[in-house]
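*Asks:* Sending over run17.pdb (PDB, C-alpha atoms and all ligand atoms).
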```
ATOM      1  CA  MET A   1     207.712 279.140  94.837
ATOM      2  CA  ASN A   2     207.611 275.397  94.601
ATOM      3  CA  ALA A   3     208.832 273.279  97.457
ATOM      4  CA  PRO A   4     212.359 271.971  96.829
ATOM      5  CA  LEU A   5     212.712 268.431  95.661
ATOM      6  CA  SER A   6     213.958 266.154  98.344
ATOM      7  CA  GLY A   7     215.377 263.889  95.671
ATOM      8  CA  LEU A   8     215.801 260.184  95.917
ATOM      9  CA  THR A   9     214.810 258.648  99.176
ATOM     10  CA  GLY A  10     215.156 255.150 100.418
ATOM     11  CA  ALA A  11     212.303 255.683 102.855
ATOM     12  CA  CYS A  12     209.032 253.856 102.621
ATOM     13  CA  HIS A  13     205.887 255.831 103.425
ATOM     14  CA  ILE A  14     203.108 253.310 103.419
ATOM     15  CA  GLY A  15     199.794 254.541 104.726
ATOM     16  CA  HIS A  16     200.706 257.909 106.230
ATOM     17  CA  ALA A  17     200.696 261.367 104.796
ATOM     18  CA  THR A  18     204.109 263.001 104.460
ATOM     19  CA  GLY A  19     202.904 266.351 103.190
ATOM     20  CA  ALA A  20     204.667 265.753  99.877
ATOM     21  CA  MET A  21     203.628 264.212  96.623
ATOM     22  CA  GLN A  22     205.209 260.797  96.272
ATOM     23  CA  ILE A  23     206.294 259.593  92.870
ATOM     24  CA  LYS A  24     207.559 256.075  92.196
ATOM     25  CA  VAL A  25     209.006 254.936  88.910
ATOM     26  CA  LEU A  26     207.397 251.535  88.386
ATOM     27  CA  GLY A  27     209.161 251.081  85.070
ATOM     28  CA  SER A  28     211.657 253.146  83.106
ATOM     29  CA  GLY A  29     212.105 251.163  79.870
ATOM     30  CA  ALA A  30     210.457 251.621  76.481
ATOM     31  CA  GLY A  31     208.326 248.952  74.778
ATOM     32  CA  GLY A  32     209.911 245.549  75.241
ATOM     33  CA  GLY A  33     211.776 246.568  78.391
ATOM     34  CA  LEU A  34     215.357 245.553  79.117
ATOM     35  CA  PRO A  35     216.248 242.857  78.380
ATOM     36  CA  GLN A  36     213.728 242.464  75.559
ATOM     37  CA  TRP A  37     212.520 238.878  75.112
ATOM     38  CA  ASN A  38     213.849 238.428  71.560
ATOM     39  CA  CYS A  39     216.840 240.744  71.683
ATOM     40  CA  ALA A  40     220.495 239.743  71.758
ATOM     41  CA  GLY A  41     221.638 243.349  71.315
ATOM     42  CA  ARG A  42     224.432 244.797  73.405
ATOM     43  CA  ASN A  43     222.295 246.061  76.290
ATOM     44  CA  SER A  44     219.842 243.175  76.476
ATOM     45  CA  ALA A  45     222.676 240.642  76.360
ATOM     46  CA  GLY A  46     224.658 242.744  78.828
ATOM     47  CA  VAL A  47     221.872 242.648  81.408
ATOM     48  CA  ARG A  48     221.639 238.872  81.058
ATOM     49  CA  GLU A  49     225.393 238.636  81.596
ATOM     50  CA  GLY A  50     225.197 240.837  84.701
ATOM     51  CA  VAL A  51     227.308 243.700  83.335
ATOM     52  CA  PRO A  52     227.876 246.165  86.202
ATOM     53  CA  GLY A  53     226.153 249.532  85.834
ATOM     54  CA  LEU A  54     223.439 248.147  83.555
ATOM     55  CA  ARG A  55     220.095 247.410  85.188
ATOM     56  CA  ALA A  56     217.081 245.506  83.947
ATOM     57  CA  ARG A  57     214.118 247.765  83.258
ATOM     58  CA  THR A  58     210.400 247.122  82.996
ATOM     59  CA  GLN A  59     208.184 249.205  80.723
ATOM     60  CA  SER A  60     207.496 252.827  81.551
ATOM     61  CA  SER A  61     204.990 253.831  84.182
ATOM     62  CA  LEU A  62     204.764 256.007  87.296
ATOM     63  CA  ALA A  63     202.744 255.670  90.484
ATOM     64  CA  VAL A  64     201.770 258.901  92.233
ATOM     65  CA  SER A  65     200.196 259.639  95.605
ATOM     66  CA  ALA A  66     199.253 262.809  97.481
ATOM     67  CA  ASN A  67     198.387 261.099 100.770
ATOM     68  CA  GLY A  68     200.608 257.986 100.770
ATOM     69  CA  LYS A  69     197.497 255.828 100.792
ATOM     70  CA  ASP A  70     195.695 256.233  97.477
ATOM     71  CA  TRP A  71     197.781 255.727  94.344
ATOM     72  CA  VAL A  72     197.268 256.725  90.728
ATOM     73  CA  LEU A  73     199.088 254.875  87.957
ATOM     74  CA  LEU A  74     200.266 256.818  84.946
ATOM     75  CA  ASN A  75     199.965 254.137  82.255
ATOM     76  CA  ALA A  76     199.569 250.395  82.806
ATOM     77  CA  THR A  77     202.308 248.271  81.273
ATOM     78  CA  PRO A  78     202.402 244.561  80.424
ATOM     79  CA  ASP A  79     204.851 244.343  83.385
ATOM     80  CA  LEU A  80     202.323 245.689  85.871
ATOM     81  CA  ARG A  81     201.930 242.496  87.851
ATOM     82  CA  GLN A  82     205.685 242.393  88.530
ATOM     83  CA  GLN A  83     205.742 246.132  89.227
ATOM     84  CA  ILE A  84     202.974 245.844  91.831
ATOM     85  CA  ASN A  85     204.663 242.897  93.493
ATOM     86  CA  GLU A  86     207.914 244.888  93.746
ATOM     87  CA  THR A  87     206.227 248.019  95.144
ATOM     88  CA  PRO A  88     204.972 247.656  98.744
ATOM     89  CA  GLU A  89     202.968 250.890  98.469
ATOM     90  CA  LEU A  90     200.750 249.177  95.877
ATOM     91  CA  HIS A  91     200.007 246.040  97.907
ATOM     92  CA  PRO A  92     196.571 245.397  99.387
ATOM     93  CA  ASP A  93     196.176 246.463 103.028
ATOM     94  CA  PRO A  94     196.545 243.221 105.045
ATOM     95  CA  ASN A  95     194.121 244.661 107.611
ATOM     96  CA  GLY A  96     191.512 245.591 105.016
ATOM     97  CA  PRO A  97     188.830 243.482 103.367
ATOM     98  CA  VAL A  98     190.048 240.335 101.606
ATOM     99  CA  ARG A  99     189.921 242.140  98.260
ATOM    100  CA  ASN A 100     191.382 245.666  98.354
ATOM    101  CA  SER A 101     193.928 247.790  96.514
ATOM    102  CA  PRO A 102     195.525 251.203  96.990
ATOM    103  CA  ILE A 103     195.400 251.638  93.184
ATOM    104  CA  LYS A 104     192.449 253.974  92.688
ATOM    105  CA  ALA A 105     192.917 255.149  89.119
ATOM    106  CA  VAL A 106     194.956 254.748  85.934
ATOM    107  CA  VAL A 107     195.632 257.652  83.581
ATOM    108  CA  LEU A 108     196.672 256.768  80.026
ATOM    109  CA  THR A 109     198.946 258.865  77.797
ATOM    110  CA  ASN A 110     198.431 256.874  74.583
ATOM    111  CA  GLY A 111     197.117 253.574  73.261
ATOM    112  CA  ASP A 112     200.514 251.908  72.832
ATOM    113  CA  VAL A 113     200.782 248.297  73.944
ATOM    114  CA  ASP A 114     203.402 249.230  76.547
ATOM    115  CA  HIS A 115     200.973 251.706  78.142
ATOM    116  CA  VAL A 116     197.574 249.978  78.052
ATOM    117  CA  ALA A 117     198.084 246.207  78.021
ATOM    118  CA  GLY A 118     198.647 246.193  81.801
ATOM    119  CA  LEU A 119     195.017 247.142  82.339
ATOM    120  CA  LEU A 120     194.311 243.456  81.782
ATOM    121  CA  ASN A 121     196.319 242.718  84.936
ATOM    122  CA  LEU A 122     193.829 244.803  86.912
ATOM    123  CA  ARG A 123     190.887 242.468  86.306
ATOM    124  CA  GLU A 124     189.426 240.441  89.229
ATOM    125  CA  GLY A 125     186.489 242.699  90.047
ATOM    126  CA  GLN A 126     188.298 245.598  91.716
ATOM    127  CA  PRO A 127     186.760 249.061  91.236
ATOM    128  CA  PHE A 128     189.004 251.862  89.953
ATOM    129  CA  THR A 129     188.818 254.605  87.337
ATOM    130  CA  ILE A 130     190.473 254.750  83.916
ATOM    131  CA  TYR A 131     191.137 258.174  82.401
ATOM    132  CA  GLY A 132     192.223 258.711  78.813
ATOM    133  CA  SER A 133     191.665 260.980  75.845
ATOM    134  CA  GLU A 134     188.635 260.191  73.673
ATOM    135  CA  ARG A 135     191.059 258.700  71.152
ATOM    136  CA  VAL A 136     192.671 256.373  73.687
ATOM    137  CA  LEU A 137     189.374 255.351  75.314
ATOM    138  CA  GLY A 138     188.195 254.629  71.765
ATOM    139  CA  VAL A 139     190.992 252.073  71.426
ATOM    140  CA  LEU A 140     189.825 250.332  74.613
ATOM    141  CA  ALA A 141     186.215 250.395  73.403
ATOM    142  CA  GLU A 142     187.172 248.802  70.081
ATOM    143  CA  ASN A 143     189.080 245.960  71.739
ATOM    144  CA  SER A 144     186.535 243.861  73.577
ATOM    145  CA  ILE A 145     189.206 242.087  75.647
ATOM    146  CA  PHE A 146     189.224 245.216  77.852
ATOM    147  CA  ASN A 147     185.619 244.423  78.822
ATOM    148  CA  VAL A 148     187.208 242.014  81.272
ATOM    149  CA  LEU A 149     187.285 245.238  83.305
ATOM    150  CA  ASN A 150     183.541 245.307  83.861
ATOM    151  CA  PRO A 151     182.435 248.856  82.925
ATOM    152  CA  GLU A 152     179.932 248.695  85.781
ATOM    153  CA  ILE A 153     182.724 248.744  88.342
ATOM    154  CA  VAL A 154     185.662 250.160  86.378
ATOM    155  CA  ASP A 155     184.699 253.625  85.177
ATOM    156  CA  ARG A 156     186.170 254.938  81.930
ATOM    157  CA  VAL A 157     186.282 258.705  82.080
ATOM    158  CA  PRO A 158     187.237 260.822  79.068
ATOM    159  CA  MET A 159     189.971 263.346  79.725
ATOM    160  CA  THR A 160     189.287 266.646  77.955
ATOM    161  CA  LEU A 161     192.641 267.964  76.796
ATOM    162  CA  GLY A 162     193.603 271.271  78.378
ATOM    163  CA  GLU A 163     191.079 270.916  81.198
ATOM    164  CA  PRO A 164     192.417 269.971  84.635
ATOM    165  CA  PHE A 165     190.319 267.461  86.576
ATOM    166  CA  GLN A 166     190.344 265.887  90.031
ATOM    167  CA  VAL A 167     191.295 262.225  89.898
ATOM    168  CA  LYS A 168     188.560 260.212  91.573
ATOM    169  CA  GLY A 169     188.738 256.656  92.754
ATOM    170  CA  PRO A 170     185.778 254.556  93.866
ATOM    171  CA  ASP A 171     185.730 256.447  97.191
ATOM    172  CA  GLY A 172     186.083 259.951  95.740
ATOM    173  CA  PRO A 173     188.952 262.389  95.048
ATOM    174  CA  VAL A 174     192.468 261.233  95.918
ATOM    175  CA  GLY A 175     194.156 264.644  96.126
ATOM    176  CA  ILE A 176     195.663 264.539  92.638
ATOM    177  CA  GLU A 177     194.682 266.855  89.815
ATOM    178  CA  ILE A 178     195.630 266.055  86.234
ATOM    179  CA  GLU A 179     195.653 268.032  83.050
ATOM    180  CA  GLY A 180     196.216 266.118  79.823
ATOM    181  CA  PHE A 181     197.550 268.067  76.864
ATOM    182  CA  ALA A 182     198.289 267.048  73.289
ATOM    183  CA  VAL A 183     201.955 266.706  72.345
ATOM    184  CA  PRO A 184     203.444 266.004  68.921
ATOM    185  CA  GLY A 185     203.443 262.249  68.427
ATOM    186  CA  LYS A 186     202.153 259.344  66.441
ATOM    187  CA  VAL A 187     199.173 257.010  66.573
ATOM    188  CA  ALA A 188     199.907 253.599  68.186
ATOM    189  CA  LEU A 189     201.953 251.274  65.962
ATOM    190  CA  TYR A 190     199.129 248.744  65.514
ATOM    191  CA  LEU A 191     196.742 251.523  64.410
ATOM    192  CA  GLU A 192     199.016 253.053  61.789
ATOM    193  CA  ASP A 193     197.216 253.667  58.496
ATOM    194  CA  GLU A 194     199.806 253.611  55.701
ATOM    195  CA  SER A 195     197.261 255.035  53.252
ATOM    196  CA  ALA A 196     196.715 258.142  55.372
ATOM    197  CA  GLY A 197     200.007 259.805  54.448
ATOM    198  CA  GLU A 198     203.118 260.564  56.414
ATOM    199  CA  ASP A 199     201.364 260.963  59.790
ATOM    200  CA  PHE A 200     199.751 257.484  59.488
ATOM    201  CA  GLY A 201     196.349 258.868  60.484
ATOM    202  CA  THR A 202     197.573 260.438  63.728
ATOM    203  CA  GLN A 203     195.044 262.715  65.417
ATOM    204  CA  GLU A 204     195.096 265.048  68.401
ATOM    205  CA  GLY A 205     194.759 263.023  71.586
ATOM    206  CA  ASP A 206     196.798 260.079  70.290
ATOM    207  CA  THR A 207     199.796 261.208  72.368
ATOM    208  CA  VAL A 208     199.302 263.287  75.469
ATOM    209  CA  GLY A 209     201.483 264.690  78.212
ATOM    210  CA  LEU A 210     200.237 265.019  81.777
ATOM    211  CA  LYS A 211     200.551 267.820  84.289
ATOM    212  CA  VAL A 212     200.165 266.176  87.686
ATOM    213  CA  THR A 213     199.361 268.370  90.696
ATOM    214  CA  ASP A 214     199.159 267.422  94.353
ATOM    215  CA  THR A 215     196.158 269.436  95.518
ATOM    216  CA  ILE A 216     197.235 268.998  99.141
ATOM    217  CA  ALA A 217     200.896 270.058  98.832
ATOM    218  CA  GLY A 218     200.315 272.333  95.831
ATOM    219  CA  THR A 219     203.282 270.896  93.926
ATOM    220  CA  HIS A 220     203.272 269.690  90.344
ATOM    221  CA  PHE A 221     205.308 267.875  87.707
ATOM    222  CA  PHE A 222     205.005 266.813  84.077
ATOM    223  CA  TYR A 223     205.002 263.313  82.592
ATOM    224  CA  VAL A 224     205.669 263.103  78.852
ATOM    225  CA  PRO A 225     206.814 259.535  78.052
ATOM    226  CA  GLY A 226     206.276 259.898  74.298
ATOM    227  CA  CYS A 227     206.988 262.995  72.245
ATOM    228  CA  ALA A 228     208.026 263.623  68.655
ATOM    229  CA  GLN A 229     209.028 267.261  69.000
ATOM    230  CA  VAL A 230     209.322 270.015  71.614
ATOM    231  CA  ASP A 231     207.349 272.706  69.819
ATOM    232  CA  ASP A 232     206.788 276.254  71.104
ATOM    233  CA  ARG A 233     203.552 275.304  72.837
ATOM    234  CA  LEU A 234     205.276 272.548  74.783
ATOM    235  CA  LYS A 235     208.293 274.742  75.570
ATOM    236  CA  GLU A 236     206.008 277.359  77.037
ATOM    237  CA  ARG A 237     204.227 274.788  79.149
ATOM    238  CA  LEU A 238     207.376 273.185  80.547
ATOM    239  CA  THR A 239     209.388 276.361  81.165
ATOM    240  CA  GLY A 240     210.414 276.670  84.813
ATOM    241  CA  ALA A 241     208.781 273.370  85.822
ATOM    242  CA  PRO A 242     210.056 271.818  89.066
ATOM    243  CA  LEU A 243     210.214 268.334  87.531
ATOM    244  CA  VAL A 244     209.711 266.781  84.106
ATOM    245  CA  PHE A 245     209.800 263.092  83.166
ATOM    246  CA  PHE A 246     210.417 263.022  79.419
ATOM    247  CA  ASP A 247     210.673 260.627  76.461
ATOM    248  CA  GLY A 248     214.182 259.117  76.558
ATOM    249  CA  THR A 249     213.631 256.464  73.895
ATOM    250  CA  LEU A 250     216.781 256.913  71.813
ATOM    251  CA  PHE A 251     220.104 258.704  72.055
ATOM    252  CA  THR A 252     220.463 259.031  68.275
ATOM    253  CA  ASN A 253     217.750 258.966  65.642
ATOM    254  CA  ASP A 254     219.166 255.945  63.767
ATOM    255  CA  GLU A 255     220.533 253.842  66.634
ATOM    256  CA  MET A 256     218.078 250.969  66.147
ATOM    257  CA  LEU A 257     218.976 250.776  62.462
ATOM    258  CA  ARG A 258     222.689 250.829  63.223
ATOM    259  CA  GLN A 259     222.307 248.076  65.808
ATOM    260  CA  GLY A 260     220.361 245.971  63.296
ATOM    261  CA  MET A 261     217.226 245.902  65.442
ATOM    262  CA  LEU A 262     214.595 247.707  63.393
ATOM    263  CA  GLN A 263     214.526 249.501  60.049
ATOM    264  CA  LYS A 264     213.069 252.639  61.607
ATOM    265  CA  THR A 265     214.404 255.916  62.901
ATOM    266  CA  GLY A 266     213.195 257.500  66.115
ATOM    267  CA  GLU A 267     211.461 260.111  63.995
ATOM    268  CA  ARG A 268     209.502 257.394  62.178
ATOM    269  CA  MET A 269     208.500 255.920  65.525
ATOM    270  CA  GLY A 270     207.238 259.274  66.839
ATOM    271  CA  HIS A 271     210.053 259.747  69.337
ATOM    272  CA  MET A 272     212.634 262.463  69.760
ATOM    273  CA  ASN A 273     216.227 261.534  70.358
ATOM    274  CA  MET A 274     218.431 262.934  73.079
ATOM    275  CA  SER A 275     221.412 264.147  71.050
ATOM    276  CA  GLY A 276     221.936 266.558  68.169
ATOM    277  CA  PRO A 277     220.729 270.052  67.346
ATOM    278  CA  LYS A 278     217.065 268.959  67.221
ATOM    279  CA  GLY A 279     217.405 266.605  70.175
ATOM    280  CA  THR A 280     215.946 266.757  73.667
ATOM    281  CA  LEU A 281     219.087 267.991  75.424
ATOM    282  CA  ALA A 282     219.162 271.004  73.093
ATOM    283  CA  ALA A 283     215.403 271.599  73.322
ATOM    284  CA  PHE A 284     215.488 271.783  77.123
ATOM    285  CA  GLU A 285     218.664 273.852  77.373
ATOM    286  CA  ASP A 286     216.961 277.170  78.097
ATOM    287  CA  LEU A 287     213.724 275.995  79.692
ATOM    288  CA  GLY A 288     214.921 276.337  83.291
ATOM    289  CA  VAL A 289     213.401 272.997  84.338
ATOM    290  CA  GLU A 290     214.656 272.236  87.858
ATOM    291  CA  ARG A 291     214.830 268.470  87.536
ATOM    292  CA  LYS A 292     214.822 266.566  84.246
ATOM    293  CA  VAL A 293     214.422 262.803  84.169
ATOM    294  CA  PHE A 294     214.502 260.586  81.096
ATOM    295  CA  ILE A 295     211.979 257.741  81.063
ATOM    296  CA  HIS A 296     210.715 255.270  78.391
ATOM    297  CA  ILE A 297     214.324 254.420  77.527
ATOM    298  CA  ASN A 298     214.728 251.920  74.730
ATOM    299  CA  ASN A 299     216.986 248.888  75.094
ATOM    300  CA  SER A 300     219.153 250.250  72.257
ATOM    301  CA  ASN A 301     220.014 253.440  74.149
ATOM    302  CA  PRO A 302     223.671 253.665  75.273
ATOM    303  CA  VAL A 303     222.767 255.908  78.243
ATOM    304  CA  LEU A 304     221.460 252.768  79.947
ATOM    305  CA  ARG A 305     225.107 251.983  80.698
ATOM    306  CA  GLU A 306     226.138 254.083  83.679
ATOM    307  CA  ASP A 307     229.766 254.172  82.515
ATOM    308  CA  SER A 308     229.053 255.187  78.903
ATOM    309  CA  GLU A 309     230.126 258.444  77.249
ATOM    310  CA  GLU A 310     226.511 259.077  76.339
ATOM    311  CA  ARG A 311     225.469 258.803  79.998
ATOM    312  CA  ALA A 312     228.143 261.339  80.875
ATOM    313  CA  VAL A 313     226.747 263.684  78.203
ATOM    314  CA  VAL A 314     223.192 263.602  79.565
ATOM    315  CA  THR A 315     224.399 263.888  83.159
ATOM    316  CA  LYS A 316     226.468 266.946  82.235
ATOM    317  CA  ALA A 317     223.349 268.455  80.653
ATOM    318  CA  GLY A 318     221.556 268.052  84.002
ATOM    319  CA  TRP A 319     219.445 264.983  83.237
ATOM    320  CA  ASP A 320     218.767 261.932  85.387
ATOM    321  CA  VAL A 321     218.080 258.568  83.791
ATOM    322  CA  ALA A 322     215.120 256.942  85.542
ATOM    323  CA  PHE A 323     215.460 253.441  86.932
ATOM    324  CA  ASP A 324     212.833 251.041  88.215
ATOM    325  CA  GLY A 325     212.063 251.745  91.866
ATOM    326  CA  MET A 326     213.324 255.364  91.697
ATOM    327  CA  LYS A 327     211.432 257.434  94.201
ATOM    328  CA  LEU A 328     210.973 261.184  94.301
ATOM    329  CA  GLU A 329     209.104 263.499  96.593
ATOM    330  CA  LEU A 330     207.851 266.895  95.603
TER     331      LEU A 330
HETATM  332  C1  LIG B   1     206.481 253.284  71.032
HETATM  333  O1  LIG B   1     206.747 253.832  72.093
HETATM  334  O2  LIG B   1     206.868 253.754  69.950
HETATM  335  C2  LIG B   1     205.633 252.057  71.039
HETATM  336  O3  LIG B   1     205.470 251.597  72.335
HETATM  337  C3  LIG B   1     206.191 251.024  70.123
HETATM  338  C4  LIG B   1     205.472 249.721  70.214
HETATM  339  O4  LIG B   1     204.230 249.678  70.246
HETATM  340  O5  LIG B   1     206.142 248.694  70.271
HETATM  341 MN    MN B   2     206.378 252.907  73.921
END
```
Show me, as structure tokens, the structure contained in the file I just sent.
Ligand code: MLT
Ligand code: MN

*Replies:*
Amino acid sequence: MNAPLSGLTGACHIGHATGAMQIKVLGSGAGGGLPQWNCAGRNSAGVREGVPGLRARTQSSLAVSANGKDWVLLNATPDLRQQINETPELHPDPNGPVRNSPIKAVVLTNGDVDHVAGLLNLREGQPFTIYGSERVLGVLAENSIFNVLNPEIVDRVPMTLGEPFQVKGPDGPVGIEIEGFAVPGKVALYLEDESAGEDFGTQEGDTVGLKVTDTIAGTHFFYVPGCAQVDDRLKERLTGAPLVFFDGTLFTNDEMLRQGMLQKTGERMGHMNMSGPKGTLAAFEDLGVERKVFIHINNSNPVLREDSEERAVVTKAGWDVAFDGMKLEL
């Protein structure tokens, strides 16, 4: 039986083991964040106006630790510098050497800008390890700007899908095991090949979900920030899970079109939507997941407003909506 979730805590656990896996939401928004730089839509404008019950959100990423000392980032967003500054657990140890960081590794779920561009913030000669599928590491290899992370000190380790591995930092294992697995999705926007047909050249490994296990506490959770469909394979995997963070991009498939933001449906973007018979709420209904948390929430999504009808719908269905700084222990 899995240990019960202790839920949200306000406590800070820097530098000492608590016996539980610590999970911090560094960012809960989709690409662009909230507010988005060029968006005057209802939510982006609302945040700028200070509408109550509507929080700013940076782009989606989690930080995870088994020992409260070594941290693993799940994705690295363009907001990473801000996220680190706002997260004391990720600050250098003031009693350590002049250059040090508790960030020991980054695990990537796809090659999207909102999930890899933050690697560039981790330059400055600090050793850590990058894990990604062959497809995603291929994207880094093809873009020479990532060589600013000197491969001699920043290891790039391919993640074989379906094979759990121990996450290792420069000083060895950090007590976290990860299994990456392919989920239905789409190749990164900037790699879409229109000539390749309706999947735009998408291949296995372009979008992965992560099973994250604390090898000390024995607890685990799933992180799936991008997903086009909950197929039978994914249902089987997630059934009975103690905690799942899942793609919360849109509430309805056409909401970006209706708000005049983008001529694309969620389906076209490779994201499920929350509502409707084929939506996420319906897909999870019988999976018996103990705690369900939406993450990667687009600035068009009405659930971002705590007083909205749509928020009430997802809450009634047993879902939390992640926010920046949310902390869970497992
Ligand atoms: C997505 O989640 O669909 C992408 O992050 C979109 C983008 O690259 O802007
Ligand atoms: Mn995204």

*Asks:* Hey, what's within 8 Å of Phe323 (chain A) if we count only C-alpha atoms and toss same-chain stuff fewer than 6 positions away? As a list of chain:residue names, please?

*Replies:*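 Using only C-alpha atoms, the neighbours found are A:Val25, A:Gly27, A:Ser28, A:Arg55, A:Arg57.
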
*Asks:* Quick check, in Å to one decimal: how far apart do CA of Thr265 (chain A) and CA of Phe200 (chain A) lie?

*Replies:* 15.1 Å

*Asks:* What do you get as a list in words if you pick all residues at most 8 Å from ligand LIG 1 (chain B), counting all atoms listed in the file?

*Replies:*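 Taking all atoms listed in the file into account, the residues around ligand LIG 1 (chain B) at most 8 Å away are Ala30, Gly31, Gly32, Asp112, Val113, Asp114, His115, Ala188, Leu189, Tyr190, Gly226, Thr249, Met269, Gly270, His271 and His296 of chain A.
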
*Asks:* Carefully work through the PyMOL selection byres (((chain A and resi 221) around 10) and not hetatm) for this structure and note down the residues it includes, as a VMD selection string.

*Replies:* chain A and resid 21 23 178 210 to 214 219 to 220 222 to 223 238 241 to 245 291 330

*Asks:* Rounded to one decimal in Å, what is the spacing between CA of Leu304 (chain A) and CA of Asn75 (chain A)?

*Replies:*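 Computed distance, CA of Leu304 (chain A) to CA of Asn75 (chain A), equals 21.7 Å.
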
*Asks:* So, with all atoms listed in the file as the atoms that count, which of A:Glu310, A:Asp247, A:Asp254, A:Asp320 lies closest to ligand MN 2 (chain B)?

*Replies:* A:Asp247

*Asks:* Please determine, counting all atoms listed in the file, which residue among A:Glu198, A:Glu329, A:Glu163, A:Glu290 has the shortest atom-to-atom distance to Ala317 (chain A).

*Replies:*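 Residue with the minimum atom-to-atom distance to Ala317 (chain A): A:Glu290.
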
*Asks:* Just give me the gap between CA of Gln36 (chain A) and CA of Asn301 (chain A) in Å, one decimal is fine.

*Replies:* 12.7 Å

*Asks:* Of the candidates A:Lys186, A:Arg305, A:Arg258, A:Lys292, which one gets nearest to ligand MN 2 (chain B) if we count all atoms listed in the file?

*Replies:*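 With all atoms listed in the file as the atom set, the closest residue is A:Lys186.
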
*Asks:* What would the selection look like, as an mmCIF file with C-alpha atoms, in the coordinates of the input, if the PyMOL selection byres (((chain A and resi 146) around 12) and not hetatm) were run on the coordinates I just shared?

*Replies:*
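Output file part_10.cif is given in full below:
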```cif
data_model
loop_
_atom_site.group_PDB
_atom_site.id
_atom_site.type_symbol
_atom_site.label_atom_id
_atom_site.label_comp_id
_atom_site.auth_asym_id
_atom_site.auth_seq_id
_atom_site.Cartn_x
_atom_site.Cartn_y
_atom_site.Cartn_z
ATOM 1 C CA VAL A 116 197.574 249.978 78.052
ATOM 2 C CA ALA A 117 198.084 246.207 78.021
ATOM 3 C CA GLY A 118 198.647 246.193 81.801
ATOM 4 C CA LEU A 119 195.017 247.142 82.339
ATOM 5 C CA LEU A 120 194.311 243.456 81.782
ATOM 6 C CA ASN A 121 196.319 242.718 84.936
ATOM 7 C CA LEU A 122 193.829 244.803 86.912
ATOM 8 C CA ARG A 123 190.887 242.468 86.306
ATOM 9 C CA ILE A 130 190.473 254.750 83.916
ATOM 10 C CA LEU A 137 189.374 255.351 75.314
ATOM 11 C CA GLY A 138 188.195 254.629 71.765
ATOM 12 C CA VAL A 139 190.992 252.073 71.426
ATOM 13 C CA LEU A 140 189.825 250.332 74.613
ATOM 14 C CA ALA A 141 186.215 250.395 73.403
ATOM 15 C CA GLU A 142 187.172 248.802 70.081
ATOM 16 C CA ASN A 143 189.080 245.960 71.739
ATOM 17 C CA SER A 144 186.535 243.861 73.577
ATOM 18 C CA ILE A 145 189.206 242.087 75.647
ATOM 19 C CA ASN A 147 185.619 244.423 78.822
ATOM 20 C CA VAL A 148 187.208 242.014 81.272
ATOM 21 C CA LEU A 149 187.285 245.238 83.305
ATOM 22 C CA ASN A 150 183.541 245.307 83.861
ATOM 23 C CA PRO A 151 182.435 248.856 82.925
ATOM 24 C CA VAL A 154 185.662 250.160 86.378
ATOM 25 C CA ARG A 156 186.170 254.938 81.930
#
```

*Asks:* Using all atoms listed in the file, which of A:Ser195, A:Ser133, A:Thr215, A:Ser300 sits nearest Gln259 (chain A)?

*Replies:* A:Ser300

*Asks:* Taking all atoms listed in the file into account, name the residue in A:Ala63, A:Met256, A:Ala322, A:Cys227 that is nearest to Gly279 (chain A).

*Replies:*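 Result for the nearest residue to Gly279 (chain A): A:Cys227.
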
*Asks:* Pick the closest to Glu86 (chain A) from A:Pro170, A:Gly325, A:Pro302, A:Gly180: which is it, counting only C-alpha atoms?

*Replies:*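 The answer is A:Gly325, which sits nearest to Glu86 (chain A).
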
*Asks:* To test your reading of the syntax: which residues would the PyMOL selection byres (((chain A and resi 232) around 12) and not hetatm) return for the file shown? Reply as an MDAnalysis selection string.

*Replies:* chainID A and resid 183:184 229:231 233:239 283:284 287

*Asks:* May I have the protein, DNA and RNA residues with any atom at most 12 Å from the point (211.6, 241.3, 76.8), counting only C-alpha atoms, written as a list in words?

*Replies:*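 Residues with an atom at most 12 Å from (211.6, 241.3, 76.8): Gly29, Ala30, Gly31, Gly32, Gly33, Leu34, Pro35, Gln36, Trp37, Asn38, Cys39, Ala40, Gly41, Asn43, Ser44, Ala45, Val47, Arg48, Ala56, Arg57, Thr58, Gln59, Pro78, Asp79, Asp114, Asn298 and Asn299 of chain A.
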
*Asks:* Within 6 Å of region 272-274 of chain A, counting only C-alpha atoms, which residues qualify if same-chain residues fewer than 3 places away don't, as a list in words?

*Replies:*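 Close residues of region 272-274 of chain A: Ala228, Leu250, Phe251, Thr252, Asn253, Gly279, Thr280 and Leu281 of chain A.
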
*Asks:* Save region 159-174 of chain A to disk from that block, C-alpha atoms included, as a PDB file, in the first residue's frame.

*Replies:*
```
ATOM      1  CA  MET A 159      16.448   7.243 -21.670  1.00  0.00           C
ATOM      2  CA  THR A 160      15.320   3.876 -23.041  1.00  0.00           C
ATOM      3  CA  LEU A 161      11.534   3.909 -23.004  1.00  0.00           C
ATOM      4  CA  GLY A 162      10.014   1.281 -20.736  1.00  0.00           C
ATOM      5  CA  GLU A 163      13.251   0.735 -18.820  1.00  0.00           C
ATOM      6  CA  PRO A 164      13.493   2.237 -15.330  1.00  0.00           C
ATOM      7  CA  PHE A 165      16.843   3.813 -14.455  1.00  0.00           C
ATOM      8  CA  GLN A 166      18.470   5.391 -11.410  1.00  0.00           C
ATOM      9  CA  VAL A 167      18.891   9.130 -11.823  1.00  0.00           C
ATOM     10  CA  LYS A 168      22.541   9.994 -11.303  1.00  0.00           C
ATOM     11  CA  GLY A 169      24.020  13.383 -10.671  1.00  0.00           C
ATOM     12  CA  PRO A 170      27.721  14.221 -10.760  1.00  0.00           C
ATOM     13  CA  ASP A 171      28.141  12.570  -7.334  1.00  0.00           C
ATOM     14  CA  GLY A 172      26.129   9.424  -8.082  1.00  0.00           C
ATOM     15  CA  PRO A 173      22.521   8.254  -7.569  1.00  0.00           C
ATOM     16  CA  VAL A 174      20.112  10.701  -5.937  1.00  0.00           C
TER      17      VAL A 174
END
```
